[in-house]
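Undergrad: Input: one structure, supplied below.
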Amino acid sequence: MIIDTHAHYDDSQFDGELNSLFEELKQNGVEKIITCATDFLNAENVLNLCEKYDFLYAAVGIYPHHTNKCLFDEQKLESLASHEKAVAIGEIGLDYYYDDSPKNVQLESVEKQLLLANKLNLPVTFHDRDAHEDTLKLLKKYEPKGIVHCFSGSLEMAREIVKIGMYLGIGGALTFKNAKVLPKVVKEIPLENLALETDAPYMSPVPKRGKRNRSDYIKYIAEKIAEIKEISTDEVYKVTTENAEKIFNF
Ligand SMILES: [Zn+2]
């Protein structure tokens, strides 16, 4: 049984193929998927998809790059989050790699979204790219529930996040040849603090790197974790599935 805690099935790369793709995913053991919105506009599409497909659940929120064009609106986000298939606030976070939205705009938006997530008692799915210091500062300040998606920080940072009670999202990056720190993080941090994710259609794991990602490719990530931790892949599925059910309460 596989839970993909982070994907984007509203992406146009999947247009016209969801029915057949989702049948295959189910046959390959995928039981639940969190598909993440990136602003208010696609949140509607994401929620519509979740109504149509029973195994899809939604995260609704404003992605760091979209904070400039999609201004935070508490009422609007609260109403999106009240949908019965909405189980998280996301994808929110900080991204200083690209500067599509200025830092101060990203920070203001993400703080408000963290506050709202806590108010609604919902977990977050948090994106951190080249913004480790500010990410850790915010997470320590608000202590949200949820996942630091596509974790790319140091082992020290991983320990701090686990201390807060959050989970590390582990995806395709773990399988990349140039992955140096992440395998160490996965080795040291208990399985009880990890969540499996794809970020489909992006971030395909080896040996599918460069292709369109999909939730059943999570097996390559689970196999890699099993290899690093010297445990069985079944154990990886078992514990990470329990983790995901705990995080999203479904
Ligand atoms: Zn994402």
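Here, A, B, ... name the chains of the structure tokens in the order displayed, residue numbers run from 1 inside each chain, and ligands are numbered from 1 in the same displayed order.
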Residues near Val148 (chain A), anyone? I mean within 7 Å using only C-alpha atoms, not counting same-chain ones fewer than 3 positions away, as number ranges by chain.
TA: A: 125-127, 151, 167-169
Undergrad: Can you tell me which residues sit at most 8 Å away from ligand 1, counting only C-alpha atoms and all ligand atoms, written as a count of residues only?
TA: 10
Undergrad: Which parts of region 33-185 of chain A does DSSP call strand (DSSP E or B) when run on the backbone here, written out as a PyMOL selection string?
TA: chain A and resi 33-36+56-60+86-95+124-129+146-149+167-170
Undergrad: Quick one: pull the distance between CA of Lys137 (chain A) and CA of Glu111 (chain A), Å, one decimal.
TA: 10.9 Å
Undergrad: Out of A:Lys163, A:Lys229, A:Lys26, A:His65, which residue has the shortest atom-to-atom distance to Val185 (chain A) when counting only C-alpha atoms?
TA: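 Among the listed residues, A:Lys229 lies closest to Val185 (chain A).
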Undergrad: Could you please determine the separation between CA of Glu156 (chain A) and CA of Pro190 (chain A) in Å, to one decimal place?
TA: 13.9 Å
Undergrad: If I take CA of Lys211 (chain A) and CA of Thr175 (chain A), how far is one from the other in Å, to one decimal?
TA: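 Between these atoms lies a distance of 14.2 Å.
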Undergrad: So that I can see what lies close to Thr35 (chain A), please list as a PyMOL selection string the residues with an atom at most 8 Å from it, counting only C-alpha atoms and leaving out residues fewer than 2 positions away in the same chain.
TA: chain A and resi 5-10+33+37+46+56-59
Undergrad: Please, could you write that set of residues out with C-alpha atoms as a PDB file, in the first residue's frame?
TA:
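Resulting contents of selection_10.pdb:
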```
ATOM      1  CA  THR A   5       2.136  12.652  -0.028  1.00  0.00           C
ATOM      2  CA  HIS A   6       2.948  15.214  -2.738  1.00  0.00           C
ATOM      3  CA  ALA A   7       2.001  15.432  -6.406  1.00  0.00           C
ATOM      4  CA  HIS A   8       0.464  17.836  -8.930  1.00  0.00           C
ATOM      5  CA  TYR A   9      -2.140  15.951 -10.971  1.00  0.00           C
ATOM      6  CA  ASP A  10      -3.777  19.144 -12.233  1.00  0.00           C
ATOM      7  CA  ILE A  33      -2.396  10.707  -3.198  1.00  0.00           C
ATOM      8  CA  ALA A  37      -2.527  23.373  -5.439  1.00  0.00           C
ATOM      9  CA  VAL A  46      -7.463  20.392  -7.718  1.00  0.00           C
ATOM     10  CA  LEU A  56      -7.092  11.911  -4.419  1.00  0.00           C
ATOM     11  CA  TYR A  57      -6.896  14.379  -1.530  1.00  0.00           C
ATOM     12  CA  ALA A  58      -5.968  18.036  -1.740  1.00  0.00           C
ATOM     13  CA  ALA A  59      -3.547  20.507  -0.269  1.00  0.00           C
TER      14      ALA A  59
END
```
Undergrad: For region 117-218 of chain A against region 235-243 of chain A, with a cut-off of 9 Å and counting only C-alpha atoms, what is the closest atom pair and its distance in Å to one decimal for every residue that makes the cut, ordered by chain and number, as JSON lines?
TA:
```
{"residue": "A:Tyr167", "atom": "CA", "partner": "A:Asn243", "partner_atom": "CA", "distance": 8.4}
{"residue": "A:Leu191", "atom": "CA", "partner": "A:Val239", "partner_atom": "CA", "distance": 6.7}
{"residue": "A:Glu192", "atom": "CA", "partner": "A:Val239", "partner_atom": "CA", "distance": 6.4}
{"residue": "A:Asn193", "atom": "CA", "partner": "A:Asn243", "partner_atom": "CA", "distance": 7.4}
{"residue": "A:Leu194", "atom": "CA", "partner": "A:Thr240", "partner_atom": "CA", "distance": 6.4}
{"residue": "A:Ala195", "atom": "CA", "partner": "A:Thr240", "partner_atom": "CA", "distance": 5.5}
{"residue": "A:Leu196", "atom": "CA", "partner": "A:Thr240", "partner_atom": "CA", "distance": 6.6}
```
Undergrad: Export, as a tab-separated table (two decimals), in the first residue's frame, the selected residues with C-alpha atoms.
TA:
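Output saved as out33.tsv:
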```tsv
chain	number	residue	atom	x	y	z
A	167	TYR	CA	8.21	14.97	8.76
A	191	LEU	CA	11.68	5.97	9.35
A	192	GLU	CA	8.97	7.20	11.74
A	193	ASN	CA	9.84	10.76	10.65
A	194	LEU	CA	9.87	10.28	6.87
A	195	ALA	CA	7.14	10.64	4.25
A	196	LEU	CA	7.24	9.28	0.68
```
Undergrad: Need to verify the contact set: Gln75 (chain A), 12 Å, only C-alpha atoms, exclusion of same-chain residues closer than 3 positions in sequence. Can you return it as an MDAnalysis selection string?
TA: chainID A and resid 40 71:72 78:82 112:113 116
Undergrad: Would you mind exporting the chosen residues as an mmCIF file, in the first residue's frame, restricted to N, CA and C atoms?
TA:
```
data_model
loop_
_atom_site.group_PDB
_atom_site.id
_atom_site.type_symbol
_atom_site.label_atom_id
_atom_site.label_comp_id
_atom_site.auth_asym_id
_atom_site.auth_seq_id
_atom_site.Cartn_x
_atom_site.Cartn_y
_atom_site.Cartn_z
ATOM 1 N N PHE A 40 -4.886 30.107 -5.823
ATOM 2 C CA PHE A 40 -6.341 29.955 -5.675
ATOM 3 C C PHE A 40 -6.998 29.490 -6.971
ATOM 4 N N LEU A 71 -2.526 37.001 -4.019
ATOM 5 C CA LEU A 71 -2.365 37.570 -2.672
ATOM 6 C C LEU A 71 -3.137 36.743 -1.659
ATOM 7 N N PHE A 72 -2.567 36.650 -0.471
ATOM 8 C CA PHE A 72 -3.208 35.896 0.605
ATOM 9 C C PHE A 72 -4.583 36.503 0.911
ATOM 10 N N GLU A 78 -9.556 29.799 3.665
ATOM 11 C CA GLU A 78 -10.296 29.033 4.665
ATOM 12 C C GLU A 78 -11.464 28.300 4.003
ATOM 13 N N SER A 79 -12.086 28.966 3.051
ATOM 14 C CA SER A 79 -13.216 28.328 2.371
ATOM 15 C C SER A 79 -12.739 27.155 1.499
ATOM 16 N N LEU A 80 -11.600 27.323 0.816
ATOM 17 C CA LEU A 80 -11.034 26.209 0.035
ATOM 18 C C LEU A 80 -10.667 25.046 0.964
ATOM 19 N N ALA A 81 -10.100 25.387 2.111
ATOM 20 C CA ALA A 81 -9.637 24.349 3.047
ATOM 21 C C ALA A 81 -10.794 23.626 3.733
ATOM 22 N N SER A 82 -11.986 24.217 3.665
ATOM 23 C CA SER A 82 -13.133 23.580 4.324
ATOM 24 C C SER A 82 -13.742 22.468 3.457
ATOM 25 N N LYS A 112 1.333 34.067 7.081
ATOM 26 C CA LYS A 112 -0.129 34.091 7.229
ATOM 27 C C LYS A 112 -0.717 32.701 6.994
ATOM 28 N N GLN A 113 -0.137 31.976 6.046
ATOM 29 C CA GLN A 113 -0.649 30.628 5.762
ATOM 30 C C GLN A 113 -0.309 29.648 6.891
ATOM 31 N N LEU A 116 -2.795 30.330 9.585
ATOM 32 C CA LEU A 116 -4.118 29.784 9.245
ATOM 33 C C LEU A 116 -4.133 28.254 9.405
#
```
Undergrad: I need the residues in region 66-224 of chain A that are helix (DSSP H, G or I) according to DSSP; give them as a PyMOL selection string.
TA: chain A and resi 66+74-81+103-120+132-142+155-164+172-175+181-188+191-193+215-224
Undergrad: As a PyMOL selection string, please: the residues near Met1 (chain A) (cut-off 7 Å, only C-alpha atoms, same-chain neighbours under 2 positions excluded).
TA: chain A and resi 3+29-31+237
Undergrad: Filtering to C-alpha atoms, could you give me those residues as an mmCIF file, in the first residue's frame?
TA:
```cif
data_model
loop_
_atom_site.group_PDB
_atom_site.id
_atom_site.type_symbol
_atom_site.label_atom_id
_atom_site.label_comp_id
_atom_site.auth_asym_id
_atom_site.auth_seq_id
_atom_site.Cartn_x
_atom_site.Cartn_y
_atom_site.Cartn_z
ATOM 1 C CA ILE A 3 0.609 6.853 -0.207
ATOM 2 C CA GLY A 29 -0.655 -0.368 -5.087
ATOM 3 C CA VAL A 30 -1.130 3.384 -4.849
ATOM 4 C CA GLU A 31 -3.893 3.889 -2.341
ATOM 5 C CA TYR A 237 5.853 1.145 2.996
#
```
